[in-house]
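Below is the file run-v1.txt, which contains compact mmCIF, C-alpha atoms.
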```txt
# COMPACT_ATOMS: atom_id res chain seq x y z
CA MET A 8 13.97 24.51 -4.97
CA VAL A 9 13.99 27.93 -3.30
CA MET A 10 10.42 28.59 -4.48
CA ASP A 11 9.24 25.29 -3.04
CA HIS A 12 11.04 25.83 0.28
CA TYR A 13 9.88 29.38 0.93
CA THR A 14 6.50 29.54 -0.83
CA HIS A 15 3.56 27.25 -1.57
CA LEU A 16 3.47 28.04 -5.29
CA LEU A 17 4.51 24.50 -6.26
CA ALA A 18 2.05 22.75 -3.93
CA ASN A 19 -0.17 21.62 -6.80
CA PHE A 20 2.81 20.39 -8.81
CA ARG A 21 4.02 18.40 -5.80
CA THR A 22 0.54 16.91 -5.41
CA LEU A 23 0.69 15.88 -9.07
CA LEU A 24 4.08 14.22 -8.58
CA LEU A 25 2.89 12.49 -5.41
CA THR A 26 -0.19 11.18 -7.21
CA THR A 27 2.09 9.88 -9.98
CA ILE A 28 4.34 7.99 -7.58
CA ASP A 29 1.49 6.72 -5.42
CA PRO A 30 1.37 3.33 -7.23
CA ILE A 31 5.16 3.05 -6.89
CA GLU A 32 4.91 3.65 -3.14
CA ARG A 33 2.09 1.14 -2.82
CA ALA A 34 4.21 -1.46 -4.60
CA ALA A 35 7.19 -0.56 -2.40
CA THR A 36 5.25 -1.04 0.83
CA LEU A 37 3.92 -4.49 -0.15
CA PRO A 38 6.56 -6.34 1.94
CA LEU A 39 5.65 -4.18 4.96
CA SER A 40 1.91 -4.78 4.45
CA ALA A 41 2.51 -8.53 4.05
CA TYR A 42 4.58 -8.59 7.26
CA GLN A 43 1.87 -6.71 9.17
CA TYR A 44 -0.83 -8.99 7.74
CA PHE A 45 0.95 -12.19 8.77
CA GLN A 46 1.87 -10.75 12.14
CA GLN A 47 -1.82 -10.09 12.82
CA ASP A 48 -2.82 -13.48 11.46
CA PHE A 49 -0.57 -15.42 13.80
CA LYS A 50 -1.98 -14.06 17.02
CA THR A 51 -3.22 -16.77 19.34
CA VAL A 52 -6.81 -16.95 20.61
CA GLU A 53 -5.50 -16.34 24.13
CA GLU A 54 -3.79 -13.14 23.04
CA LEU A 55 -6.93 -11.94 21.26
CA LYS A 56 -9.07 -12.73 24.32
CA LYS A 57 -6.68 -10.80 26.54
CA GLN A 58 -6.62 -7.86 24.13
CA ASN A 59 -10.42 -7.91 23.90
CA GLN A 60 -10.73 -7.82 27.68
CA GLN A 61 -8.29 -4.91 27.90
CA LEU A 62 -10.20 -2.98 25.26
CA ALA A 63 -13.55 -3.63 26.96
CA THR A 64 -12.15 -2.30 30.27
CA GLU A 65 -10.65 0.72 28.54
CA ASN A 66 -13.92 1.39 26.74
CA LEU A 67 -15.84 1.31 30.03
CA LEU A 68 -13.40 3.75 31.66
CA LEU A 69 -13.55 6.09 28.68
CA LYS A 70 -17.35 6.07 28.67
CA ALA A 71 -17.33 7.00 32.36
CA ARG A 72 -14.93 9.85 31.61
CA GLN A 73 -17.06 10.96 28.68
CA GLN A 74 -20.03 11.35 31.03
CA GLN A 75 -17.92 13.57 33.27
CA LEU A 76 -16.73 15.57 30.25
CA GLU A 77 -20.27 16.28 29.08
CA LYS A 78 -21.15 17.44 32.60
CA LEU A 79 -18.08 19.68 32.62
CA GLN A 80 -19.01 21.16 29.23
CA PHE A 81 -22.39 22.21 30.61
CA GLU A 82 -20.71 23.55 33.72
CA VAL A 83 -18.24 25.66 31.69
CA SER A 84 -21.06 27.01 29.52
CA ARG A 85 -23.08 28.06 32.59
CA LEU A 86 -20.08 29.68 34.24
CA ASN A 87 -19.26 31.53 31.03
CA LEU A 88 -22.79 32.83 30.88
CA LEU A 89 -22.58 34.01 34.48
CA LEU A 90 -19.28 35.75 33.79
CA GLY A 91 -20.54 37.15 30.50
CA THR A 92 -17.63 35.72 28.50
CA ALA A 93 -17.65 33.61 25.36
CA SER A 94 -17.29 29.88 25.80
CA GLN A 95 -13.81 28.51 25.44
CA MET A 96 -14.81 24.89 24.92
CA SER A 97 -15.12 23.69 21.39
CA SER A 98 -15.74 20.33 19.80
CA THR A 99 -13.72 18.93 16.92
CA ASP A 100 -14.61 16.51 14.17
CA MET A 101 -12.24 13.60 13.79
CA GLN A 102 -11.37 11.03 11.17
CA ILE A 103 -9.53 7.79 11.83
CA ALA A 104 -6.74 6.87 9.40
CA ASN A 105 -4.32 3.95 9.09
CA VAL A 106 -0.61 4.57 8.68
CA ASN A 107 0.72 3.18 5.38
CA PHE A 108 4.42 3.64 6.07
CA TYR A 109 6.91 5.73 8.01
CA ASN A 110 9.90 7.61 6.68
CA LEU A 111 12.22 8.66 9.50
CA THR A 112 15.41 9.63 7.70
CA PRO A 113 17.93 12.25 8.84
CA ILE A 114 16.56 14.47 6.03
CA SER A 115 12.80 14.33 6.58
CA GLN A 116 10.38 12.75 9.00
CA PHE A 117 6.89 11.93 7.83
CA PHE A 118 4.39 9.14 7.39
CA SER A 119 1.71 8.38 4.87
CA ILE A 120 -1.92 7.69 5.75
CA ASP A 121 -4.67 5.95 3.80
CA LYS A 122 -7.02 8.96 3.69
CA GLY A 123 -6.80 11.65 1.03
CA SER A 124 -8.71 14.45 -0.63
CA LEU A 125 -11.52 12.00 -1.55
CA ASP A 126 -12.09 11.64 2.22
CA ASN A 127 -12.03 15.43 2.68
CA VAL A 128 -8.57 15.51 4.19
CA LYS A 129 -6.98 18.93 3.71
CA VAL A 130 -3.53 20.42 4.06
CA HIS A 131 -2.65 21.80 7.55
CA GLN A 132 -5.04 19.48 9.40
CA THR A 133 -3.70 18.35 12.76
CA VAL A 134 -2.95 14.68 13.39
CA ILE A 135 -2.95 13.12 16.87
CA ASP A 136 -2.84 9.68 18.43
CA SER A 137 -4.32 8.50 21.73
CA LYS A 138 -1.51 10.20 23.69
CA GLY A 139 -0.93 13.51 21.96
CA LEU A 140 0.05 15.56 18.92
CA ILE A 141 1.92 13.77 16.11
CA GLY A 142 2.09 16.29 13.28
CA GLN A 143 0.22 18.03 10.49
CA VAL A 144 -0.94 17.09 7.01
CA THR A 145 1.40 18.69 4.49
CA ASP A 146 0.50 17.01 1.19
CA VAL A 147 -2.72 15.41 0.01
CA THR A 148 -3.33 13.10 -2.95
CA PRO A 149 -6.77 11.68 -3.80
CA ALA A 150 -6.20 8.42 -1.87
CA SER A 151 -3.44 9.24 0.61
CA ALA A 152 -1.88 12.08 2.57
CA ARG A 153 1.55 12.91 3.96
CA VAL A 154 1.85 13.85 7.63
CA GLN A 155 4.99 15.69 8.65
CA LEU A 156 5.99 14.75 12.20
CA ILE A 157 6.59 17.30 14.94
CA THR A 158 10.15 15.92 15.17
CA ASP A 159 10.88 17.11 11.60
CA PRO A 160 13.27 20.09 11.70
CA ASP A 161 10.95 22.03 9.34
CA ILE A 162 8.04 21.92 11.78
CA GLN A 163 7.44 24.49 14.54
CA VAL A 164 4.56 24.21 16.98
CA PRO A 165 3.31 27.13 19.13
CA VAL A 166 3.02 25.67 22.63
CA ARG A 167 2.64 26.56 26.29
CA ILE A 168 3.73 24.86 29.47
CA GLN A 169 0.58 23.42 31.00
CA ARG A 170 1.59 24.16 34.62
CA THR A 171 2.53 27.81 34.19
CA GLY A 172 0.97 28.88 30.87
CA GLN A 173 4.36 30.15 29.65
CA ARG A 174 4.33 30.25 25.83
CA GLY A 175 7.12 29.08 23.53
CA ILE A 176 7.89 27.42 20.22
CA LEU A 177 8.60 23.71 19.95
CA THR A 178 10.97 22.76 17.12
CA GLY A 179 11.78 19.31 15.80
CA LEU A 180 15.39 18.18 15.92
CA GLY A 181 14.97 14.84 14.15
CA GLN A 182 15.67 11.49 15.84
CA SER A 183 12.55 11.78 18.09
CA GLN A 184 13.93 14.90 19.80
CA LEU A 185 12.31 18.30 20.31
CA SER A 186 13.62 21.65 21.48
CA LEU A 187 11.50 24.17 23.36
CA GLN A 188 12.57 27.69 22.45
CA PHE A 189 11.96 31.23 23.75
CA ILE A 190 11.38 30.33 27.40
CA PRO A 191 12.98 33.16 29.42
CA ASN A 192 15.43 32.02 32.09
CA THR A 193 13.41 33.96 34.66
CA SER A 194 10.36 31.71 34.22
CA SER A 195 9.48 28.63 36.24
CA ILE A 196 10.08 25.33 34.48
CA LYS A 197 11.08 21.88 35.66
CA ILE A 198 11.85 18.48 34.17
CA GLY A 199 8.66 16.52 33.55
CA ASP A 200 6.49 19.59 32.82
CA LEU A 201 3.86 18.85 30.21
CA ILE A 202 3.91 20.99 27.07
CA GLU A 203 0.62 21.46 25.21
CA THR A 204 -0.46 23.30 22.07
CA SER A 205 -1.25 26.97 22.70
CA GLY A 206 -3.58 27.43 19.70
CA LEU A 207 -1.65 30.46 18.46
CA GLY A 208 -1.11 30.56 14.72
CA GLY A 209 -4.42 28.88 14.02
CA ILE A 210 -2.94 25.60 12.75
CA TYR A 211 -2.95 23.39 15.84
CA PRO A 212 -6.01 23.46 18.11
CA LYS A 213 -5.12 24.35 21.69
CA GLY A 214 -4.87 22.06 24.66
CA TYR A 215 -3.42 18.92 23.06
CA PRO A 216 -0.40 17.43 24.88
CA VAL A 217 2.76 17.50 22.77
CA ALA A 218 5.83 16.71 24.86
CA THR A 219 7.38 16.55 28.32
CA VAL A 220 10.46 18.52 29.33
CA SER A 221 13.47 16.19 29.54
CA SER A 222 16.40 18.55 30.15
CA ILE A 223 16.95 22.22 31.00
CA SER A 224 20.22 24.10 30.53
CA ASN A 225 20.89 27.66 31.57
CA LEU A 226 23.21 29.17 28.99
CA LYS A 227 25.58 31.94 30.02
CA ASP A 228 24.70 35.44 28.76
CA GLN A 229 21.59 34.10 27.03
CA PRO A 230 18.11 35.37 27.94
CA TYR A 231 16.48 31.97 27.21
CA TYR A 232 16.83 28.44 28.55
CA GLU A 233 17.97 25.61 26.30
CA ILE A 234 15.23 23.06 26.80
CA MET A 235 14.94 19.57 25.31
CA ALA A 236 11.67 17.66 25.26
CA ASP A 237 10.41 14.17 24.44
CA PRO A 238 7.20 13.74 22.45
CA VAL A 239 4.33 12.15 24.40
CA ALA A 240 2.76 10.54 21.32
CA ASP A 241 4.03 7.31 19.82
CA ILE A 242 5.76 9.22 17.03
CA ASN A 243 6.99 6.22 15.06
CA LEU A 244 4.83 3.40 16.40
CA ALA A 245 1.24 4.50 15.89
CA GLU A 246 -0.69 2.38 13.40
CA LYS A 247 -3.92 4.34 13.63
CA VAL A 248 -4.15 8.11 13.98
CA LEU A 249 -6.84 10.76 14.26
CA ILE A 250 -7.11 13.65 11.83
CA LEU A 251 -8.69 16.72 13.44
CA SER A 252 -10.89 19.01 11.43
CA PRO A 253 -10.84 22.74 12.20
CA SER A 254 -12.65 23.29 15.50
CA VAL A 255 -16.29 24.33 15.54
CA GLU A 256 -18.15 25.91 18.42
CA SER A 257 -19.79 23.42 20.74
CA LYS A 258 -23.47 22.79 20.01
CA ILE A 259 -24.29 22.84 23.73
CA ASP A 260 -22.96 26.35 24.15
CA VAL A 261 -24.81 27.71 21.13
CA HIS A 262 -28.05 26.16 22.35
CA ILE A 263 -27.81 27.66 25.83
CA ASP A 264 -26.58 31.04 24.54
CA THR A 265 -29.49 31.32 22.09
CA LYS A 266 -31.98 30.27 24.71
CA LEU A 267 -30.80 32.78 27.29
CA ASN A 268 -30.44 35.62 24.78
CA GLY A 269 -34.01 34.96 23.72
CA ALA A 270 -35.15 35.00 27.35
CA SER A 271 -33.36 38.29 28.08
CA ASN A 272 -34.92 39.92 25.01
CA GLU A 273 -38.35 38.92 26.25
CA MET B 19 18.63 -0.48 -42.60
CA VAL B 20 19.90 -3.79 -41.23
CA LEU B 21 21.52 -3.43 -37.83
CA GLN B 22 24.74 -5.42 -37.39
CA MET B 23 25.63 -7.03 -34.03
CA SER B 24 28.80 -4.92 -33.78
CA ASP B 25 26.72 -1.73 -34.27
CA LYS B 26 24.50 -2.68 -31.38
CA VAL B 27 27.42 -3.39 -29.08
CA PHE B 28 29.28 -0.17 -29.71
CA SER B 29 26.42 2.26 -30.06
CA LEU B 30 23.46 1.20 -28.04
CA ASN B 31 20.48 3.25 -29.07
CA PHE B 32 17.56 4.51 -27.04
CA SER B 33 15.07 2.87 -29.41
CA HIS B 34 16.70 -0.57 -28.87
CA VAL B 35 16.06 -0.58 -25.15
CA LYS B 36 13.31 1.97 -24.51
CA TRP B 37 11.09 -0.45 -22.57
CA LEU B 38 13.97 -1.86 -20.58
CA LEU B 39 15.07 1.70 -19.81
CA PHE B 40 11.62 2.71 -18.59
CA ILE B 41 11.06 -0.47 -16.57
CA SER B 42 14.54 -0.30 -15.02
CA TYR B 43 13.88 3.25 -13.75
CA LEU B 44 10.49 2.17 -12.43
CA ILE B 45 12.00 -0.81 -10.60
CA GLY B 46 14.81 1.41 -9.34
CA LEU B 47 12.28 3.82 -7.81
CA ILE B 48 10.34 0.92 -6.28
CA ILE B 49 13.50 -0.61 -4.77
CA ASP B 50 14.63 2.75 -3.34
CA SER B 51 11.18 3.36 -1.82
CA MET B 52 11.07 -0.22 -0.54
CA LEU B 53 14.44 0.06 1.18
CA ASN B 54 13.31 3.27 2.89
CA PHE B 55 9.65 2.65 3.68
CA SER B 56 9.46 -1.12 4.17
CA PHE B 57 12.90 -1.99 5.51
CA ALA B 58 13.90 1.38 7.04
CA LEU B 59 17.35 1.18 5.40
CA HIS B 60 17.96 4.91 5.10
CA PHE B 61 21.62 4.63 4.14
CA ALA B 62 21.25 2.14 1.31
CA PRO B 63 22.78 3.04 -2.08
CA PRO B 64 20.40 4.98 -4.39
CA ILE B 65 19.60 2.30 -6.99
CA THR B 66 17.77 4.72 -9.32
CA LEU B 67 20.86 6.90 -9.50
CA LEU B 68 23.06 3.89 -10.24
CA ILE B 69 20.72 2.85 -13.06
CA LEU B 70 20.79 6.42 -14.39
CA LEU B 71 24.60 6.42 -14.34
CA PHE B 72 24.61 3.04 -16.07
CA TRP B 73 22.39 4.21 -18.93
CA SER B 74 24.34 7.51 -19.23
CA SER B 75 27.49 5.50 -19.77
CA GLN B 76 25.89 3.04 -22.22
CA ILE B 77 23.56 5.07 -24.47
CA LEU B 78 25.91 7.56 -26.04
CA ASN B 79 23.60 9.45 -28.37
CA GLN B 80 21.68 11.09 -25.52
CA THR B 81 22.61 13.35 -22.62
CA HIS B 82 20.09 11.84 -20.12
CA LEU B 83 19.88 15.23 -18.37
CA PHE B 84 16.10 15.51 -18.81
CA THR B 85 15.66 11.97 -17.44
CA ALA B 86 17.91 12.93 -14.51
CA PHE B 87 15.74 15.98 -13.86
CA ILE B 88 12.46 14.00 -13.91
CA LEU B 89 13.85 11.21 -11.72
CA GLY B 90 15.18 13.81 -9.30
CA LEU B 91 11.74 15.45 -9.08
CA LEU B 92 10.11 12.09 -8.37
CA TYR B 93 12.75 11.45 -5.71
CA ASP B 94 11.99 14.86 -4.16
CA ALA B 95 8.27 14.15 -4.07
CA SER B 96 8.83 10.69 -2.63
CA PHE B 97 11.22 11.74 0.13
CA ASN B 98 9.59 15.09 0.97
CA THR B 99 12.60 17.22 0.07
CA PRO B 100 12.36 20.64 -1.66
CA LEU B 101 11.37 20.13 -5.30
CA GLY B 102 14.44 20.37 -7.47
CA ALA B 103 17.00 19.45 -4.81
CA HIS B 104 17.51 15.83 -5.87
CA ALA B 105 16.92 16.89 -9.47
CA LEU B 106 19.94 19.22 -9.19
CA LEU B 107 22.08 16.48 -7.63
CA PHE B 108 21.08 13.92 -10.27
CA ILE B 109 21.82 16.37 -13.09
CA THR B 110 25.22 17.24 -11.59
CA LEU B 111 26.27 13.61 -11.33
CA THR B 112 24.94 12.76 -14.79
CA PHE B 113 26.89 15.71 -16.21
CA ILE B 114 30.10 14.50 -14.54
CA MET B 115 29.46 11.03 -15.99
CA LEU B 116 28.85 12.49 -19.47
CA ARG B 117 32.29 14.11 -19.40
CA ILE B 118 34.11 10.77 -19.05
CA ARG B 119 31.62 8.17 -20.24
CA LEU B 120 33.71 6.96 -23.20
CA ARG B 121 36.69 6.29 -20.94
CA PHE B 122 34.38 4.93 -18.20
CA LYS B 123 33.03 2.23 -20.53
CA GLY B 124 36.53 0.91 -21.06
CA TYR B 125 37.46 0.71 -17.38
CA PRO B 126 37.52 -2.64 -15.57
CA MET B 127 34.71 -3.25 -13.06
CA TRP B 128 36.76 -2.43 -9.95
CA GLN B 129 37.78 0.91 -11.42
CA GLN B 130 34.19 1.71 -12.43
CA SER B 131 33.01 0.86 -8.90
CA LEU B 132 35.63 3.12 -7.38
CA LEU B 133 34.66 5.98 -9.67
CA VAL B 134 30.93 5.57 -8.96
CA ALA B 135 31.74 5.44 -5.23
CA ILE B 136 33.43 8.84 -5.64
CA TYR B 137 30.32 10.12 -7.46
CA ILE B 138 28.15 8.96 -4.58
CA LEU B 139 30.53 10.67 -2.15
CA ILE B 140 29.98 13.91 -4.11
CA PHE B 141 26.23 13.21 -3.90
CA GLN B 142 26.51 12.83 -0.12
CA VAL B 143 28.62 15.99 0.32
CA LEU B 144 26.25 18.12 -1.80
CA GLY B 145 23.25 16.52 -0.04
CA TRP B 146 24.78 17.44 3.30
CA PHE B 147 24.94 21.10 2.26
CA ILE B 148 21.44 21.16 0.72
CA PHE B 149 19.40 19.03 3.16
CA HIS B 150 21.28 19.57 6.46
CA PRO B 151 20.58 15.99 7.60
CA VAL B 152 20.33 15.42 11.35
CA LEU B 153 23.20 13.01 11.92
CA SER B 154 23.81 11.87 15.45
CA GLY B 155 25.90 9.00 16.79
CA ILE B 156 26.17 6.00 14.49
CA HIS B 157 24.05 7.64 11.76
CA ALA B 158 26.91 9.99 10.90
CA TYR B 159 29.17 6.99 10.19
CA TYR B 160 26.47 5.28 8.12
CA TYR B 161 25.93 8.45 6.09
CA TRP B 162 29.58 8.95 5.24
CA LEU B 163 30.24 5.23 4.69
CA GLU B 164 27.41 4.94 2.16
CA PRO B 165 29.81 5.37 -0.83
CA LEU B 166 31.56 2.16 0.27
CA THR B 167 28.34 0.18 -0.29
CA ILE B 168 28.63 1.20 -3.94
CA LEU B 169 31.67 -1.04 -4.26
CA ILE B 170 29.25 -3.95 -3.92
CA ALA B 171 26.13 -2.37 -5.44
CA TRP B 172 27.67 -1.10 -8.70
CA PRO B 173 29.03 -4.48 -9.96
CA LEU B 174 25.63 -6.00 -9.09
CA VAL B 175 23.56 -3.33 -10.86
CA SER B 176 25.95 -3.09 -13.79
CA ASN B 177 26.08 -6.87 -14.41
CA ILE B 178 22.30 -7.28 -14.13
CA MET B 179 21.71 -4.37 -16.51
CA HIS B 180 24.33 -5.62 -18.99
CA SER B 181 22.80 -9.06 -19.03
CA LEU B 182 19.26 -7.69 -19.48
CA THR B 183 20.43 -5.32 -22.24
CA GLN B 184 22.08 -8.19 -24.13
CA ARG B 185 18.91 -10.26 -23.88
CA VAL B 186 16.72 -7.42 -25.10
CA VAL B 187 19.01 -6.37 -27.94
CA PHE B 188 20.09 -9.74 -29.29
CA GLU B 189 17.06 -11.97 -28.62
```

Would you write out, as structure tokens, the structure that this file holds?
Amino acid sequence: MVMDHYTHLLANFRTLLLTTIDPIERAATLPLSAYQYFQQDFKTVEELKKQNQQLATENLLLKARQQQLEKLQFEVSRLNLLLGTASQMSSTDMQIANVNFYNLTPISQFFSIDKGSLDNVKVHQTVIDSKGLIGQVTDVTPASARVQLITDPDIQVPVRIQRTGQRGILTGLGQSQLSLQFIPNTSSIKIGDLIETSGLGGIYPKGYPVATVSSISNLKDQPYYEIMADPVADINLAEKVLILSPSVESKIDVHIDTKLNGASNE
Amino acid sequence: MVLQMSDKVFSLNFSHVKWLLFISYLIGLIIDSMLNFSFALHFAPPITLLILLFWSSQILNQTHLFTAFILGLLYDASFNTPLGAHALLFITLTFIMLRIRLRFKGYPMWQQSLLVAIYILIFQVLGWFIFHPVLSGIHAYYYWLEPLTILIAWPLVSNIMHSLTQRVVFE
């Protein structure tokens, strides 16, 4: 118990146990799958048409934004070259996964996804939804993986406040609640501030929105604020999630860097 | 050796019911996972543990501690708790049951239910120290009232298992 809690020596044994109980869990989630299947099946044509229209509009808007993003990537690369600094923009590979089931008990908060080691999913990969960070992969079996939510008390995320850049640690409190720690009471923070990943620690890539500040308390004789935050992602509603692979340097940057280095050598 | 009916009643053997034993644990694990993952009933009685307690009180020539350990490990893997935590709790409760199982078998159903409810209360108290569950608002009441659900769950589990055992052994 102690060895499992404080070290990763039993990780393989846990994977073995999880693989053993995988058929049991699949059998246990049959009622949920049947409910979801029938719920999808009984959608009216009108509803589907409406949903289709919404998705088409959203797709158009996203494509327009994508064009702007590509332009910005070039812009950042050029500016970096002018300043002589390394590019900060990086691209990330993603995988889409379906959520099999949620487990949001007072003891642990996680969900299972339908991608596993056969799909190249690895431990410590970051999982997001369309709104923000959800959690990280903690256990992988050949056909499924466990994602521990950021609201789990065992999970800590290095973050920064987007507006000020002030760094802190976000800790799960269970029950869809988060606590932002180590923010000095001399720093500027207000309710509604967006908290994003800082990239420190090397687990979570930086710049992904995580939570918004919901309450701030100034404790007497304490150097830090007591800050509560609400997750921005649909922590217990998402049906599809994205698994991020470790970031790789953007191809655009490498291309321009190589080209200009070659030119300067000439 | 010819087995008499009275022998079977008073000393149920592992070999008589090995398949029923295995299948009952399997179904217990499926029901527990189903209650949690499909129906989000996080404070439902642990059916696997009830089945374990049932077999510990019925099959007297075994200690069931190894079974308790394995089931606990599977529980830990399933519910993402430190490996060995549920195993420890299951072994503790099985050990307590082993101490009184001869007397337990003779108790009427209401008394058995009450005793198992106390066992589950011990399970909850130890679980509270080991897992530090986040209990806020109504969840705290649900957590501590879980032993009361045993008063309904134990007669149900016990009667179903008795009836299945009789069918397997005598038919």

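Interatomic distance, CA of Ile162 in chain A to CA of Leu180 in chain A: 9.2 Å.
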
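Checking B:Thr99, B:Asn54, B:Ser33, B:Thr110 one by one against Gln80 in chain B, counting only C-alpha atoms, you find the shortest gap at B:Ser33.
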
Identify every residue of chain A that has at least one atom within 10 Å of any atom of chain B, counting all atoms listed in the file, and report the result as a compact mmCIF listing (two decimals) with C-alpha atoms, in the frame of the given file.
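Full text of iface-v8.txt as output:
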```
# COMPACT_ATOMS: atom_id res chain seq x y z
CA MET A 8 13.97 24.51 -4.97
CA VAL A 9 13.99 27.93 -3.30
CA MET A 10 10.42 28.59 -4.48
CA ASP A 11 9.24 25.29 -3.04
CA HIS A 12 11.04 25.83 0.28
CA TYR A 13 9.88 29.38 0.93
CA LEU A 17 4.51 24.50 -6.26
CA ALA A 18 2.05 22.75 -3.93
CA PHE A 20 2.81 20.39 -8.81
CA ARG A 21 4.02 18.40 -5.80
CA THR A 22 0.54 16.91 -5.41
CA LEU A 23 0.69 15.88 -9.07
CA LEU A 24 4.08 14.22 -8.58
CA LEU A 25 2.89 12.49 -5.41
CA THR A 26 -0.19 11.18 -7.21
CA THR A 27 2.09 9.88 -9.98
CA ILE A 28 4.34 7.99 -7.58
CA ASP A 29 1.49 6.72 -5.42
CA PRO A 30 1.37 3.33 -7.23
CA ILE A 31 5.16 3.05 -6.89
CA GLU A 32 4.91 3.65 -3.14
CA ARG A 33 2.09 1.14 -2.82
CA ALA A 34 4.21 -1.46 -4.60
CA ALA A 35 7.19 -0.56 -2.40
CA THR A 36 5.25 -1.04 0.83
CA LEU A 37 3.92 -4.49 -0.15
CA PRO A 38 6.56 -6.34 1.94
CA LEU A 39 5.65 -4.18 4.96
CA SER A 40 1.91 -4.78 4.45
CA TYR A 42 4.58 -8.59 7.26
CA ASN A 107 0.72 3.18 5.38
CA PHE A 108 4.42 3.64 6.07
CA TYR A 109 6.91 5.73 8.01
CA ASN A 110 9.90 7.61 6.68
CA LEU A 111 12.22 8.66 9.50
CA THR A 112 15.41 9.63 7.70
CA PRO A 113 17.93 12.25 8.84
CA ILE A 114 16.56 14.47 6.03
CA SER A 115 12.80 14.33 6.58
CA GLN A 116 10.38 12.75 9.00
CA PHE A 117 6.89 11.93 7.83
CA PHE A 118 4.39 9.14 7.39
CA SER A 119 1.71 8.38 4.87
CA THR A 145 1.40 18.69 4.49
CA ASP A 146 0.50 17.01 1.19
CA ARG A 153 1.55 12.91 3.96
CA GLN A 155 4.99 15.69 8.65
CA ASP A 159 10.88 17.11 11.60
CA PRO A 160 13.27 20.09 11.70
CA LEU A 180 15.39 18.18 15.92
CA GLY A 181 14.97 14.84 14.15
CA GLN A 182 15.67 11.49 15.84
```

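From CA of Ile65 in chain B back to CA of Phe108 in chain B, the distance works out to 12.2 Å.
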
Protein/DNA/RNA residues near (26.1, 17.7, -15.7), cut 12 Å, only C-alpha atoms, as a ChimeraX atom specification: /B:71,74,81-84,86-87,105-119,137

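Across the structure, CA of Leu156 in chain A and CA of Val144 in chain A are spaced 9.0 Å apart.
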
Take every atom of range 60-74 of chain B listed in the file, fit an axis-aligned box around them, add 5 Å per side, and give the centre and edge lengths in Å to one decimal as lines of an AutoDock Vina configuration file.
```
center_x = 21.2
center_y = 4.8
center_z = -7.1
size_x = 16.8
size_y = 15.4
size_z = 34.3
```

message: Would you pick out the contacts of Leu120 in chain B at 9 Å or less, using only C-alpha atoms, so that residues sharing its chain but fewer than 5 positions from it are not included, and give the list as a ChimeraX atom specification?
response: /B:75-76,78

task: Name the residues in contact with range 229-238 of chain A at a cut-off of 12 Å, using all atoms listed in the file, excluding same-chain residues fewer than 5 positions from it; report them as a VMD selection string.
output: chain A and resid 135 to 136 138 to 142 156 to 159 168 175 to 203 215 to 224 243

task: Please provide as a list in words all residues within 8 Å of Leu39 in chain B, with the sequence filter that same-chain residues fewer than 4 positions apart are discarded (counting all atoms listed in the file).
output: Val35, Tyr43 and Trp73 of chain B

Kindly write N, CA and C atoms of range 178-188 of chain B from the structure just given to a file, as a PDB file, in the first residue's frame.
```
ATOM      1  N   ILE B 178     -30.353 -15.513  -1.305  1.00  0.00           N
ATOM      2  CA  ILE B 178     -30.052 -15.925  -2.688  1.00  0.00           C
ATOM      3  C   ILE B 178     -28.924 -16.951  -2.692  1.00  0.00           C
ATOM      4  N   MET B 179     -27.880 -16.682  -1.900  1.00  0.00           N
ATOM      5  CA  MET B 179     -26.727 -17.587  -1.878  1.00  0.00           C
ATOM      6  C   MET B 179     -27.087 -18.945  -1.263  1.00  0.00           C
ATOM      7  N   HIS B 180     -27.919 -18.921  -0.211  1.00  0.00           N
ATOM      8  CA  HIS B 180     -28.366 -20.176   0.410  1.00  0.00           C
ATOM      9  C   HIS B 180     -29.133 -21.019  -0.596  1.00  0.00           C
ATOM     10  N   SER B 181     -30.040 -20.346  -1.299  1.00  0.00           N
ATOM     11  CA  SER B 181     -30.875 -21.077  -2.250  1.00  0.00           C
ATOM     12  C   SER B 181     -30.028 -21.651  -3.391  1.00  0.00           C
ATOM     13  N   LEU B 182     -29.068 -20.869  -3.874  1.00  0.00           N
ATOM     14  CA  LEU B 182     -28.196 -21.353  -4.958  1.00  0.00           C
ATOM     15  C   LEU B 182     -27.319 -22.514  -4.476  1.00  0.00           C
ATOM     16  N   THR B 183     -26.818 -22.377  -3.232  1.00  0.00           N
ATOM     17  CA  THR B 183     -25.957 -23.434  -2.671  1.00  0.00           C
ATOM     18  C   THR B 183     -26.731 -24.745  -2.578  1.00  0.00           C
ATOM     19  N   GLN B 184     -27.972 -24.645  -2.083  1.00  0.00           N
ATOM     20  CA  GLN B 184     -28.798 -25.861  -1.942  1.00  0.00           C
ATOM     21  C   GLN B 184     -29.027 -26.515  -3.300  1.00  0.00           C
ATOM     22  N   ARG B 185     -29.284 -25.689  -4.311  1.00  0.00           N
ATOM     23  CA  ARG B 185     -29.507 -26.234  -5.655  1.00  0.00           C
ATOM     24  C   ARG B 185     -28.260 -26.940  -6.179  1.00  0.00           C
ATOM     25  N   VAL B 186     -27.108 -26.283  -5.969  1.00  0.00           N
ATOM     26  CA  VAL B 186     -25.865 -26.854  -6.489  1.00  0.00           C
ATOM     27  C   VAL B 186     -25.504 -28.138  -5.752  1.00  0.00           C
ATOM     28  N   VAL B 187     -25.659 -28.135  -4.436  1.00  0.00           N
ATOM     29  CA  VAL B 187     -25.225 -29.278  -3.635  1.00  0.00           C
ATOM     30  C   VAL B 187     -26.169 -30.477  -3.754  1.00  0.00           C
ATOM     31  N   PHE B 188     -27.464 -30.211  -3.756  1.00  0.00           N
ATOM     32  CA  PHE B 188     -28.417 -31.322  -3.686  1.00  0.00           C
ATOM     33  C   PHE B 188     -29.009 -31.738  -5.025  1.00  0.00           C
TER      34      PHE B 188
END
```
